[in-house]
Amino acid sequence: MELRHLRYFVAVAENLNFTKAAAKLHLAQPSLTRQIHNLEEEIGVRLLNRSKSQVALTEEGRSFLVDARRILALAMESILAVQRLSRGETGQLNIAYLSNSDFELLPETLGAFRLAFPQIALNLFDMVPAEQFRALEIGKIDLGFVGLRPPGTLGHVQWESIARHRTVVVLPAKHPLARKSQVHLRDLKTMFFVGMSEKTHPGFRDWLNGTCQQAGFTPRVLQDAELEPALMTFVAEGLGVTLAREHIKKLPHPGVAFRPLDPPVKSDYCIAWNQSNDSRALQQYVEIVKGLAAHTH
């Protein structure tokens with residue numbers, strides 16, 4: 001017995017007329033009659049009572065009609081479900097971010113994605129960049145808002161810069177440079193720095209070195225912090241100065257001053273995903289992020 005036999009039977013049962021049912025099915029009436037006869041022979045039960053004037057369902061036929069409709073509906077739902085999956089309209093998307101340093105684009109993209117693909121569940125994870133890279137590698141997350149450009153050693157990671165943010169220098173509030181409206185990068189050459197730990201923020205040291213080398217020096221990093229609030233505390237305590245995206249201003253910062261750099265310095269803000277991840281939902285989310293980012297900037 002095949003699904004087409006069930007469709008043929010349902011059509012006859014609903015019309016109680018072989019001629020009308022055959023027309024709706026685009027079949028010749030003798031062929032439809034033969035198919036129904038074959039179905040009854042296969043299951044060994046008479047489903048229809050036929051006479052010259054009418055066609056009627058047997059008691060077994062009425063019971064079989066209920067099950068036939070249910071099976072056909074289930075088959076159609078299976079087809080629709082796999083089609084939605086093929087289009088990336090079902091399933092789930094796991095996204096990681098860093099709560100201390102993310103910005104407006106994250107909630108905007110999530111809102112736009114929910115509107116476009118309401119059947120896809122969005123799961124959010126608060127992770128430092130190093131955790132995000134590990135989670136990408138094992139497939140725990142689909143995409144990470146990692147911030148700085150991923151280190152080149154992460155060969156499995158595909159990334160894209162979605163924004164360029166102004167870099168600020170973070171100084172102790174009472175530092176002489178804090179009295180200036182802006183700071184030259186070369187003015188920091190003789191100072192000690194504090195930075196983000198490579199354990200939590202891989203690539204930070206490369207970024208810091210690359211930025212300072214634009215002014216002809218390599219920063220002397222005295223202390224590393226694993227999280228941004230600790231970085232602010234180290235600066236406030238006078239252990240050193242640091243550079244950061246301007247969004248760090250949103251964190252509580254007693255005892256700390258922020259000053260723009262002259263000439264201006266901008267840093268990439270990146271998203272990352274595993275290049276072997278072929279999720280349609282991921283591809284659609286990346287396109288939404290890129291589209292909103294281009295519109296915003």
# chains A, B, ... in the order shown; residues from 1 in each chain; ligands from 1
>>> residues_around(residues="Pro129 of chain A", least_positions_apart="2", cutoff="12 Å", atoms="only C-alpha atoms", output="MDAnalysis selection string")
chainID A and resid 96:102 125:127 131:136 143:151 196:204 226:227 270:272
>>> residues_around(residues="Ala178 of chain A", least_positions_apart="4", cutoff="8 Å", atoms="only C-alpha atoms", output="list of chain:residue names")
A:Leu171, A:Pro172, A:Ala173, A:Lys174, A:Ala257, A:Phe258, A:Arg259
>>> write_last_selection(atoms="C-alpha atoms", output="PDB file, in the first residue's frame")
ATOM      1  CA  LEU A 171      43.610  56.617  32.244  1.00  0.00           C
ATOM      2  CA  PRO A 172      43.560  57.048  36.004  1.00  0.00           C
ATOM      3  CA  ALA A 173      41.220  59.982  36.643  1.00  0.00           C
ATOM      4  CA  LYS A 174      44.007  62.021  38.257  1.00  0.00           C
ATOM      5  CA  ALA A 257      38.942  58.775  32.623  1.00  0.00           C
ATOM      6  CA  PHE A 258      38.462  58.123  28.900  1.00  0.00           C
ATOM      7  CA  ARG A 259      40.073  60.222  26.208  1.00  0.00           C
TER       8      ARG A 259
END
>>> atom_distance(atom1="atom CA of Lys189 of chain A", atom2="atom CA of Arg245 of chain A")
19.4 Å
>>> select_by_dssp(residues="segment 72-279 of chain A", states="strand (DSSP E or B)", output="PyMOL selection string")
chain A and resi 91-97+120-126+143-147+157-172+183-184+192-196+220-225+241-245+256-262+266-274
>>> atom_distance(atom1="atom CA of Ala68 of chain A", atom2="atom CA of Val55 of chain A")
18.2 Å
